[in-house]
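For reference, target_8.tsv (TSV, C-alpha atoms and all ligand atoms):
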```
chain	number	residue	atom	x	y	z
E	223	MET	CA	21.30	-4.34	16.25
E	224	ALA	CA	17.93	-5.74	17.18
E	225	LEU	CA	16.22	-6.38	13.88
E	226	ALA	CA	13.46	-8.69	14.78
E	227	VAL	CA	10.22	-7.26	15.95
E	228	GLY	CA	7.63	-9.54	14.36
E	229	ILE	CA	4.55	-7.94	12.95
E	230	ARG	CA	2.43	-10.03	15.26
E	231	GLY	CA	4.40	-8.68	18.21
E	232	LEU	CA	3.89	-5.22	16.80
E	233	THR	CA	0.25	-5.94	16.48
E	234	ARG	CA	-0.08	-6.85	20.12
E	235	SER	CA	1.78	-3.80	21.31
E	236	LEU	CA	0.19	-1.22	19.05
E	237	LEU	CA	-3.36	-2.15	18.45
E	238	ARG	CA	-6.47	-2.31	20.39
E	239	PRO	CA	-8.65	-5.27	19.53
E	240	TRP	CA	-10.99	-4.95	16.59
E	241	VAL	CA	-13.27	-2.04	17.08
E	242	ARG	CA	-16.58	-1.28	15.48
E	243	VAL	CA	-16.28	1.64	13.10
E	244	PRO	CA	-14.59	4.37	15.08
E	245	GLY	CA	-15.22	7.97	14.16
E	246	PRO	CA	-18.29	9.29	12.45
E	247	ALA	CA	-19.79	5.92	11.61
E	248	ARG	CA	-19.43	4.45	15.12
E	249	GLY	CA	-22.28	2.21	16.15
E	250	ARG	CA	-24.19	2.56	12.92
E	251	THR	CA	-25.10	-0.29	10.70
E	252	GLU	CA	-23.90	0.89	7.33
E	253	PRO	CA	-24.88	-0.54	3.98
E	254	ALA	CA	-22.39	-3.20	3.06
E	255	ALA	CA	-19.99	-2.59	0.22
E	256	GLY	CA	-22.11	-4.44	-2.28
E	257	GLY	CA	-25.33	-2.95	-1.02
E	258	GLY	CA	-26.38	-5.78	1.30
E	259	ASP	CA	-28.32	-4.76	4.38
E	260	GLY	CA	-27.52	-5.28	8.01
E	261	VAL	CA	-23.82	-6.13	7.70
E	262	ARG	CA	-21.79	-4.09	10.12
E	263	CYS	CA	-18.67	-2.29	9.07
E	264	PHE	CA	-15.68	-3.02	11.22
E	265	GLY	CA	-12.13	-1.90	11.32
E	266	SER	CA	-9.51	-0.12	13.30
E	267	PRO	CA	-8.82	3.57	13.76
E	268	ARG	CA	-7.13	3.94	10.39
E	269	VAL	CA	-8.75	1.21	8.30
E	270	LEU	CA	-12.47	0.96	7.68
E	271	VAL	CA	-13.73	-2.36	6.35
E	272	GLU	CA	-17.12	-2.52	4.68
E	273	PRO	CA	-17.89	-6.21	4.28
E	274	ASP	CA	-20.30	-7.72	1.84
E	275	PRO	CA	-20.01	-11.41	2.73
E	276	ALA	CA	-23.00	-12.30	0.56
E	277	ALA	CA	-21.08	-11.02	-2.47
E	278	GLY	CA	-17.79	-12.47	-1.16
E	279	PHE	CA	-15.80	-9.26	-0.86
E	280	ALA	CA	-15.06	-6.29	1.37
E	281	VAL	CA	-14.09	-2.72	0.65
E	282	MET	CA	-11.05	-1.70	2.69
E	283	LYS	CA	-10.83	2.06	3.09
E	284	MET	CA	-7.61	3.71	4.17
E	285	ARG	CA	-8.17	6.65	6.45
E	286	ASN	CA	-4.99	7.96	7.95
E	287	PRO	CA	-5.47	11.68	7.28
E	288	PRO	CA	-4.28	13.95	5.96
E	289	VAL	CA	-2.44	11.92	3.30
E	290	ASN	CA	-2.63	8.19	4.21
E	291	SER	CA	1.11	8.12	4.82
E	292	LEU	CA	2.09	4.59	5.76
E	293	SER	CA	3.11	4.97	9.39
E	294	LEU	CA	4.02	1.93	11.46
E	295	GLU	CA	0.62	1.92	13.15
E	296	PHE	CA	-1.18	2.27	9.82
E	297	LEU	CA	0.83	-0.54	8.22
E	298	THR	CA	0.00	-2.74	11.18
E	299	GLU	CA	-3.70	-1.99	10.94
E	300	LEU	CA	-3.72	-2.69	7.20
E	301	LEU	CA	-2.09	-6.04	7.86
E	302	ILE	CA	-4.55	-6.95	10.56
E	303	SER	CA	-7.49	-6.07	8.30
E	304	LEU	CA	-6.04	-8.18	5.53
E	305	GLU	CA	-5.40	-11.11	7.87
E	306	LYS	CA	-8.90	-10.92	9.24
E	307	LEU	CA	-10.47	-11.03	5.79
E	308	GLU	CA	-8.10	-13.76	4.60
E	309	SER	CA	-8.97	-15.98	7.51
E	310	ASP	CA	-12.73	-15.65	6.93
E	311	LYS	CA	-13.94	-18.09	4.28
E	312	ALA	CA	-16.80	-15.76	3.37
E	313	PHE	CA	-14.35	-13.41	1.64
E	314	HIS	CA	-12.71	-14.01	-1.71
E	315	ALA	CA	-11.77	-10.46	-2.61
E	316	ILE	CA	-10.93	-6.98	-1.39
E	317	ILE	CA	-11.31	-3.60	-2.98
E	318	LEU	CA	-8.66	-1.30	-1.56
E	319	THR	CA	-9.46	2.41	-1.67
E	320	SER	CA	-9.00	5.63	0.26
E	321	ASP	CA	-11.25	7.52	2.59
E	322	CYS	CA	-9.07	10.67	2.34
E	323	PRO	CA	-10.41	12.96	-0.39
E	324	GLY	CA	-8.02	13.36	-3.31
E	325	ILE	CA	-5.30	11.19	-1.77
E	326	PHE	CA	-4.84	7.46	-2.20
E	327	SER	CA	-1.53	7.45	-0.31
E	328	ALA	CA	1.51	9.72	0.07
E	329	GLY	CA	3.62	6.59	0.48
E	330	LEU	CA	5.86	5.65	3.34
E	331	ASP	CA	5.69	7.96	6.30
E	332	LEU	CA	8.74	10.18	6.11
E	333	MET	CA	8.52	10.81	9.85
E	334	GLU	CA	9.24	7.11	10.41
E	335	MET	CA	12.45	7.43	8.40
E	336	CYS	CA	13.74	10.72	9.71
E	337	GLY	CA	15.54	11.42	13.00
E	338	ARG	CA	14.81	8.00	14.52
E	339	ASP	CA	17.19	5.32	15.77
E	340	PRO	CA	18.39	2.19	13.93
E	341	THR	CA	16.12	-0.10	15.94
E	342	HIS	CA	13.11	1.93	14.87
E	343	TYR	CA	14.21	1.97	11.23
E	344	ALA	CA	14.60	-1.83	11.34
E	345	GLU	CA	11.20	-2.31	12.91
E	346	TYR	CA	9.59	0.01	10.39
E	347	TRP	CA	11.23	-1.60	7.39
E	348	LYS	CA	10.22	-5.07	8.55
E	349	ALA	CA	6.61	-3.87	8.65
E	350	VAL	CA	6.92	-2.37	5.14
E	351	GLN	CA	8.30	-5.67	3.84
E	352	GLU	CA	5.52	-7.58	5.56
E	353	LEU	CA	2.81	-5.38	4.07
E	354	TRP	CA	4.17	-5.89	0.58
E	355	LEU	CA	4.62	-9.64	0.98
E	356	ARG	CA	1.14	-10.13	2.39
E	357	PHE	CA	-0.65	-8.03	-0.20
E	358	TYR	CA	1.46	-9.29	-3.09
E	359	LEU	CA	0.89	-12.94	-2.20
E	360	SER	CA	-2.63	-12.73	-0.81
E	361	HIS	CA	-4.86	-15.60	-1.89
E	362	LEU	CA	-7.69	-13.07	-2.13
E	363	VAL	CA	-8.35	-11.11	-5.30
E	364	VAL	CA	-7.22	-7.58	-4.48
E	365	ILE	CA	-8.37	-4.70	-6.66
E	366	SER	CA	-7.31	-1.15	-5.96
E	367	ALA	CA	-9.77	1.66	-6.61
E	368	ILE	CA	-7.31	4.53	-6.75
E	369	ASN	CA	-9.16	7.71	-5.95
E	370	GLY	CA	-6.31	10.13	-5.41
E	371	VAL	CA	-2.65	10.92	-5.79
E	372	ASN	CA	-0.51	7.88	-5.11
E	373	ALA	CA	3.22	8.18	-4.48
E	374	ALA	CA	6.06	5.72	-3.88
E	375	GLY	CA	5.10	3.25	-1.12
E	376	GLY	CA	1.41	3.91	-1.84
E	377	CYS	CA	2.01	3.11	-5.49
E	378	LEU	CA	3.80	-0.09	-4.43
E	379	LEU	CA	0.71	-1.10	-2.49
E	380	ALA	CA	-1.47	-0.56	-5.56
E	381	LEU	CA	1.02	-2.40	-7.78
E	382	SER	CA	0.74	-5.36	-5.39
E	383	CYS	CA	-2.95	-5.68	-6.21
E	384	ASP	CA	-4.29	-7.88	-9.01
E	385	TYR	CA	-6.01	-5.05	-10.87
E	386	ARG	CA	-5.98	-1.25	-10.67
E	387	VAL	CA	-8.75	1.22	-11.47
E	388	LEU	CA	-7.69	4.88	-11.39
E	389	ALA	CA	-9.94	7.94	-11.19
E	390	ASP	CA	-9.63	10.19	-14.22
E	391	ASN	CA	-8.36	13.35	-12.59
E	392	PRO	CA	-5.13	14.90	-13.89
E	393	LYS	CA	-4.10	15.65	-10.30
E	394	TYR	CA	-4.07	11.95	-9.46
E	395	ALA	CA	-0.58	11.05	-10.55
E	396	MET	CA	1.01	7.81	-9.49
E	397	GLY	CA	4.47	6.32	-9.52
E	398	LEU	CA	7.62	5.38	-7.66
E	399	ASN	CA	9.14	8.83	-7.21
E	400	GLU	CA	11.85	7.89	-4.70
E	401	THR	CA	14.69	9.48	-6.66
E	402	LEU	CA	12.99	12.88	-6.36
E	403	LEU	CA	13.58	12.57	-2.62
E	404	GLY	CA	17.22	11.55	-3.12
E	405	ILE	CA	16.48	7.96	-2.13
E	406	ILE	CA	16.33	4.67	-4.03
E	407	ALA	CA	13.45	2.33	-4.66
E	408	PRO	CA	14.50	-1.02	-3.14
E	409	PHE	CA	14.90	-3.99	-5.47
E	410	TRP	CA	11.50	-5.44	-4.60
E	411	PHE	CA	9.75	-2.13	-5.36
E	412	LYS	CA	11.63	-2.19	-8.67
E	413	ASP	CA	10.74	-5.83	-9.35
E	414	THR	CA	7.06	-5.14	-8.71
E	415	LEU	CA	7.11	-2.24	-11.15
E	416	VAL	CA	9.02	-4.20	-13.78
E	417	ASN	CA	6.49	-7.04	-13.48
E	418	THR	CA	3.72	-4.53	-14.15
E	419	VAL	CA	5.03	-2.20	-16.85
E	420	GLY	CA	8.10	-3.98	-18.25
E	421	HIS	CA	11.80	-3.27	-17.93
E	422	ARG	CA	12.26	-0.23	-20.19
E	423	THR	CA	9.32	1.74	-18.83
E	424	ALA	CA	10.33	0.87	-15.27
E	425	GLU	CA	13.94	1.86	-15.87
E	426	ARG	CA	12.97	5.29	-17.11
E	427	ALA	CA	10.22	5.79	-14.53
E	428	LEU	CA	12.45	4.82	-11.61
E	429	GLN	CA	15.45	6.92	-12.62
E	430	LEU	CA	13.34	10.00	-13.28
E	431	GLY	CA	11.00	9.41	-10.34
E	432	LEU	CA	8.06	9.76	-12.71
E	433	LEU	CA	4.54	10.25	-11.40
E	434	PHE	CA	2.15	9.31	-14.21
E	435	PRO	CA	-1.16	11.11	-14.67
E	436	PRO	CA	-4.09	8.81	-15.46
E	437	ALA	CA	-3.86	8.71	-19.27
E	438	GLU	CA	-0.14	7.92	-19.14
E	439	ALA	CA	-0.52	5.46	-16.28
E	440	LEU	CA	-3.02	3.60	-18.45
E	441	GLN	CA	-0.82	3.81	-21.51
E	442	VAL	CA	2.23	2.29	-19.79
E	443	GLY	CA	0.12	-0.36	-18.03
E	444	MET	CA	0.62	0.94	-14.53
E	445	VAL	CA	-3.17	0.85	-14.16
E	446	ASP	CA	-5.69	-1.32	-15.97
E	447	LYS	CA	-8.60	1.07	-16.27
E	448	VAL	CA	-9.24	4.81	-15.95
E	449	VAL	CA	-12.80	5.87	-15.19
E	450	PRO	CA	-14.62	9.04	-14.14
E	451	GLU	CA	-13.97	9.83	-10.53
E	452	ASP	CA	-17.45	8.93	-9.32
E	453	GLN	CA	-17.23	5.49	-10.91
E	454	VAL	CA	-14.01	4.17	-9.40
E	455	LEU	CA	-15.66	1.90	-6.86
E	456	SER	CA	-18.41	0.68	-9.15
E	457	ALA	CA	-15.85	-0.09	-11.87
E	458	ALA	CA	-13.78	-2.05	-9.35
E	459	ARG	CA	-16.88	-3.99	-8.31
E	460	SER	CA	-17.79	-4.78	-11.92
E	461	GLU	CA	-14.26	-6.00	-12.62
E	462	LEU	CA	-14.38	-8.20	-9.55
E	463	ALA	CA	-17.19	-10.27	-11.05
E	464	GLN	CA	-14.84	-11.60	-13.72
E	465	TRP	CA	-12.17	-12.56	-11.18
E	466	LEU	CA	-14.64	-14.21	-8.83
E	467	ALA	CA	-16.08	-16.30	-11.65
E	468	ILE	CA	-12.79	-18.22	-11.96
E	469	PRO	CA	-12.39	-21.36	-9.79
E	470	GLY	CA	-10.58	-20.05	-6.71
E	471	HIS	CA	-7.90	-22.75	-6.41
E	472	ALA	CA	-6.88	-22.39	-10.07
E	473	ARG	CA	-6.66	-18.62	-9.85
E	474	GLN	CA	-4.77	-18.68	-6.55
E	475	LEU	CA	-2.20	-21.21	-7.74
E	476	THR	CA	-1.69	-19.23	-10.91
E	477	LYS	CA	-1.18	-16.04	-8.92
E	478	SER	CA	1.37	-17.81	-6.77
E	479	LEU	CA	3.11	-19.21	-9.84
E	480	MET	CA	3.43	-15.71	-11.28
E	481	ARG	CA	4.43	-13.91	-8.07
E	482	LYS	CA	6.35	-16.32	-5.85
E	483	PRO	CA	9.72	-15.94	-7.58
E	484	THR	CA	9.58	-12.17	-7.01
E	485	ALA	CA	8.53	-12.53	-3.38
E	486	ASP	CA	11.13	-15.25	-2.80
E	487	ARG	CA	13.90	-12.83	-3.73
E	488	LEU	CA	13.00	-10.70	-0.74
E	489	LEU	CA	12.20	-13.64	1.53
E	490	LYS	CA	15.69	-15.04	0.93
E	491	GLU	CA	17.37	-11.76	1.81
E	492	ARG	CA	14.98	-10.22	4.24
E	493	ASP	CA	17.39	-9.46	7.07
E	494	ALA	CA	20.07	-8.21	4.68
E	495	ASP	CA	17.48	-5.94	3.08
E	496	ILE	CA	16.60	-4.53	6.51
E	497	GLN	CA	20.25	-3.95	7.30
E	498	ASN	CA	20.79	-2.24	3.93
E	499	PHE	CA	17.82	-0.01	4.57
E	500	VAL	CA	18.98	0.91	8.07
E	501	ARG	CA	22.49	1.70	6.86
E	502	PHE	CA	21.18	3.71	3.92
E	503	ILE	CA	18.53	5.70	5.76
E	504	SER	CA	20.88	6.47	8.69
E	505	ARG	CA	23.39	8.23	6.46
E	506	ASP	CA	23.72	11.91	7.21
E	507	ALA	CA	23.27	12.83	3.54
E	508	ILE	CA	20.03	10.82	3.29
E	509	GLN	CA	18.66	12.23	6.52
E	510	LYS	CA	19.43	15.70	5.25
E	511	ALA	CA	17.72	15.02	1.91
E	512	LEU	CA	14.59	13.77	3.69
E	513	ARG	CA	14.50	16.82	5.97
E	514	VAL	CA	14.83	19.14	2.97
E	515	TYR	CA	12.01	17.29	1.19
E	516	LEU	CA	9.74	17.50	4.23
E	517	GLU	CA	10.54	21.18	4.57
E	518	LYS	CA	9.60	21.73	0.90
E	519	LEU	CA	6.27	20.00	1.48
E	520	LYS	CA	5.56	22.35	4.37
E	521	GLN	CA	6.78	25.44	2.52
E	522	LYS	CA	4.51	24.92	-0.46
E	523	LYS	CA	1.64	25.88	1.85
E	524	THR	CA	3.04	29.34	2.59
J	601	LIG	C1	21.98	0.48	-1.11
J	601	LIG	C2	20.53	0.33	-1.40
J	601	LIG	C3	19.71	0.39	-0.18
J	601	LIG	C4	18.24	0.52	-0.53
J	601	LIG	C5	17.59	1.35	0.47
J	601	LIG	C6	16.19	1.66	0.09
J	601	LIG	C7	15.76	2.92	0.71
J	601	LIG	C8	14.33	3.19	0.42
J	601	LIG	C9	13.87	4.17	1.34
J	601	LIG	C10	12.66	4.69	1.37
J	601	LIG	C11	11.59	4.46	0.44
J	601	LIG	C12	10.54	5.28	0.53
J	601	LIG	C13	9.37	5.19	-0.32
J	601	LIG	C14	8.36	6.27	0.01
J	601	LIG	O1	7.19	5.99	-0.02
J	601	LIG	S1	8.90	7.82	0.42
J	601	LIG	C15	7.48	8.87	0.42
J	601	LIG	C16	7.28	9.48	-0.93
J	601	LIG	N1	6.11	10.30	-0.93
J	601	LIG	C17	6.02	11.48	-1.54
J	601	LIG	O2	6.94	11.93	-2.18
J	601	LIG	C18	4.74	12.22	-1.41
J	601	LIG	C19	4.94	13.42	-0.55
J	601	LIG	N2	3.71	14.15	-0.35
J	601	LIG	C20	3.16	14.95	-1.29
J	601	LIG	O3	3.64	15.09	-2.40
J	601	LIG	C21	1.90	15.67	-0.93
J	601	LIG	O4	1.78	15.64	0.46
J	601	LIG	C22	0.64	15.06	-1.53
J	601	LIG	C23	0.53	13.57	-1.26
J	601	LIG	C24	0.62	15.33	-3.05
J	601	LIG	C25	-0.60	15.75	-0.90
J	601	LIG	O5	-0.50	17.14	-1.07
J	601	LIG	P1	-1.42	18.10	-0.17
J	601	LIG	O6	-2.81	17.62	-0.19
J	601	LIG	O7	-1.14	19.49	-0.65
J	601	LIG	O8	-0.91	17.88	1.32
J	601	LIG	P2	0.44	18.42	1.98
J	601	LIG	O9	1.58	18.27	1.06
J	601	LIG	O10	0.18	19.76	2.54
J	601	LIG	O11	0.65	17.36	3.14
J	601	LIG	C26	-0.16	17.39	4.32
J	601	LIG	C27	0.73	17.02	5.48
J	601	LIG	O12	1.19	15.68	5.30
J	601	LIG	C28	2.62	15.67	5.34
J	601	LIG	N3	3.09	14.61	4.45
J	601	LIG	C29	2.91	14.51	3.13
J	601	LIG	N4	3.46	13.39	2.65
J	601	LIG	C30	4.00	12.76	3.71
J	601	LIG	C31	4.72	11.53	3.87
J	601	LIG	N5	4.99	10.70	2.84
J	601	LIG	N6	5.15	11.20	5.09
J	601	LIG	C32	4.90	12.00	6.16
J	601	LIG	N7	4.22	13.17	6.08
J	601	LIG	C33	3.78	13.53	4.87
J	601	LIG	C34	3.02	17.04	4.88
J	601	LIG	O13	4.33	17.35	5.31
J	601	LIG	C35	1.98	17.88	5.56
J	601	LIG	O14	2.35	17.98	6.92
J	601	LIG	P3	2.01	19.32	7.75
J	601	LIG	O15	0.52	19.44	7.73
J	601	LIG	O16	2.58	19.05	9.10
J	601	LIG	O17	2.69	20.45	7.04
```

Let's see the structure in the file written out as structure tokens.
Amino acid sequence: MALAVGIRGLTRSLLRPWVRVPGPARGRTEPAAGGGDGVRCFGSPRVLVEPDPAAGFAVMKMRNPPVNSLSLEFLTELLISLEKLESDKAFHAIILTSDCPGIFSAGLDLMEMCGRDPTHYAEYWKAVQELWLRFYLSHLVVISAINGVNAAGGCLLALSCDYRVLADNPKYAMGLNETLLGIIAPFWFKDTLVNTVGHRTAERALQLGLLFPPAEALQVGMVDKVVPEDQVLSAARSELAQWLAIPGHARQLTKSLMRKPTADRLLKERDADIQNFVRFISRDAIQKALRVYLEKLKQKKT
């Protein structure tokens, strides 16, 4: 089975070069994230980046409507945005948020895991791994401003950040709910959750597929702050000041010290993890469970 389609190869095949703010904001000079004037937003079709180089950070907005599901193209665009900001010395931090009202992310795109062939599953999983590794180990400070419901793979993305601010809306639950779909959170999803909330809370949350509303998410330590909905971004910006005040090399080395052992577990077994995923997701029973879940999502509308 052909496992290896590097993310850079993916990038070349899937993406147009950087484009200036597609969609409604095309061609406009928007206020920068921190309020600076004259700094152009940039991005790709599904990721809008509002840079504020003077303040040293950018706001990265996910906009893959309707639910910011993490499709292969979307994962690739997120990675390219991250790479671009990481390679520019003007940026020390990112605030990750959503441009889709009421939704941070519905997690991995079920259509990428349903009815496709093993080569596709392998390519997709490699991109999911890459996204986690790059966000988890980024030398930038990454703060998530969670302004909507946030399931499974979307929750993993937020857990990979250094700090999480969640909007205080009881509809905005967040967690690793894989078991509700009849699937299993991989070990590195589990490790990331354990590192955030501790073993006992993670054990219960993972088995029951719990999605925590804001007050509970705060109580178990899944998020660091809950604020009124209209203050999520400003709270993330305020928090950033504390992180940016620390000497960068000391903070980065400390982050690496804390996170590298967890990332190394996946790095050591990356291909085996892809093969496990492909075998698991290709099973008839798993495919059936995913189809039933998708059907339920559609039915709830009728
Ligand atoms: C041996 C060991 C091996 C280990 C193997 C490990 C295997 C691990 C495998 C997979 C791991 C997966 C992790 C995941 O992330 S799975 C995804 C989990 N996500 C969810 O459960 C969330 C599902 N979505 C929702 O609950 C809702 O959509 C919600 C986000 C709450 C938004 O609700 P609402 O605003 O009412 O919108 P709709 O439900 O109507 O959705 C709009 C359309 O979007 C489609 N949709 C929703 N979620 C997804 C998704 N994750 N992927 C793809 N498509 C999605 C939905 O069907 C609607 O489509 P349509 O308009 O065509 O009806």

- Step by step, measure atom-to-atom distances between ligand LIG 601 (chain J) and each residue using only C-alpha atoms and all ligand atoms, keep those at most 7 Å, then write them as an NGL selection string. :E and (288-289 or 291 or 325 or 327-333 or 371-376 or 399-400 or 403 or 405-408 or 498-499 or 502-503 or 516 or 519-520 or 523)

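With distances taken from (-9.5, -0.2, 1.6) and restricted to all atoms listed in the file, the residues inside 9 Å are Val269, Leu270, Val271, Glu272, Ala280, Val281, Met282, Lys283, Met284, Arg285, Leu300, Ile316, Ile317, Leu318, Thr319, Ser320, Asp321, Ser366 and Ala367 of chain E.
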
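We find atom CA of E:Ile302 and atom CA of E:Ala439 to be spaced 29.8 Å apart.
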
- Item | E:Pro450, E:Pro340, E:Gly443, E:Pro287 ranked by distance to E:Val416, top pick (using all atoms listed in the file) |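 Of all the options, E:Gly443 lies closest to E:Val416.
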
- Could you please determine the separation between atom CA of E:Arg422 and atom CA of E:Leu355 in Å, to one decimal place?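 According to the coordinates, atom CA of E:Arg422 and atom CA of E:Leu355 are separated by 24.4 Å.
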
- Of E:Gly431, E:Gly337, E:Pro469, E:Gly324, the one nearest to E:Lys510 when counting only C-alpha atoms is E:Gly337

Which polymer residues, whether protein, DNA or RNA, lie within 9 Å of the coordinate (-14.1, -1.2, -10.9) when you count only C-alpha atoms? List them as a CSV table (one decimal) with C-alpha atoms, keeping the file's coordinate frame, using the chain letters and numbers from the file.
```
chain,number,residue,atom,x,y,z
E,317,ILE,CA,-11.3,-3.6,-3.0
E,365,ILE,CA,-8.4,-4.7,-6.7
E,366,SER,CA,-7.3,-1.2,-6.0
E,367,ALA,CA,-9.8,1.7,-6.6
E,385,TYR,CA,-6.0,-5.0,-10.9
E,386,ARG,CA,-6.0,-1.2,-10.7
E,387,VAL,CA,-8.8,1.2,-11.5
E,388,LEU,CA,-7.7,4.9,-11.4
E,447,LYS,CA,-8.6,1.1,-16.3
E,449,VAL,CA,-12.8,5.9,-15.2
E,453,GLN,CA,-17.2,5.5,-10.9
E,454,VAL,CA,-14.0,4.2,-9.4
E,455,LEU,CA,-15.7,1.9,-6.9
E,456,SER,CA,-18.4,0.7,-9.2
E,457,ALA,CA,-15.8,-0.1,-11.9
E,458,ALA,CA,-13.8,-2.0,-9.4
E,459,ARG,CA,-16.9,-4.0,-8.3
E,460,SER,CA,-17.8,-4.8,-11.9
E,461,GLU,CA,-14.3,-6.0,-12.6
E,462,LEU,CA,-14.4,-8.2,-9.6
```

- Task: Quick one: everything within 12 Å of E:Arg356, counting all atoms listed in the file, minus sequence neighbours fewer than 2 positions away in the same chain. Send it as a PyMOL selection string.
- Result: chain E and resi 229+297-298+300-305+308+349-354+358-362+364+379+382-383+478+481-482+485+489

- Looking at E:Met444, E:Thr418, E:Gly470, E:Ala380, which one is nearest to E:Phe313, with distances taken over all atoms listed in the file?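 Among the listed residues, E:Gly470 lies closest to E:Phe313.
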
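Closest approach to E:Gly265 among E:Asp446, E:Glu299, E:Asp493, E:Glu334 is made by E:Glu299 (distances from only C-alpha atoms).
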
- Item | Selected residue, from E:Phe296, E:Pro267, E:Asn286, E:Asp384, that lies nearest to E:Arg473 when counting only C-alpha atoms | E:Asp384

- Query: In Å, how far is it from atom CA of E:Ala389 to atom CA of E:Lys306?
  - Reply: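 Distance reported for this atom pair: 27.8 Å.
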
- Message: For a quick check of understanding, using all atoms listed in the file, which of E:Arg338, E:Lys311, E:Arg268, E:Lys477 has the smallest distance to E:Gln509?
- Response: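 Nearest candidate to E:Gln509 out of E:Arg338, E:Lys311, E:Arg268, E:Lys477: E:Arg338.
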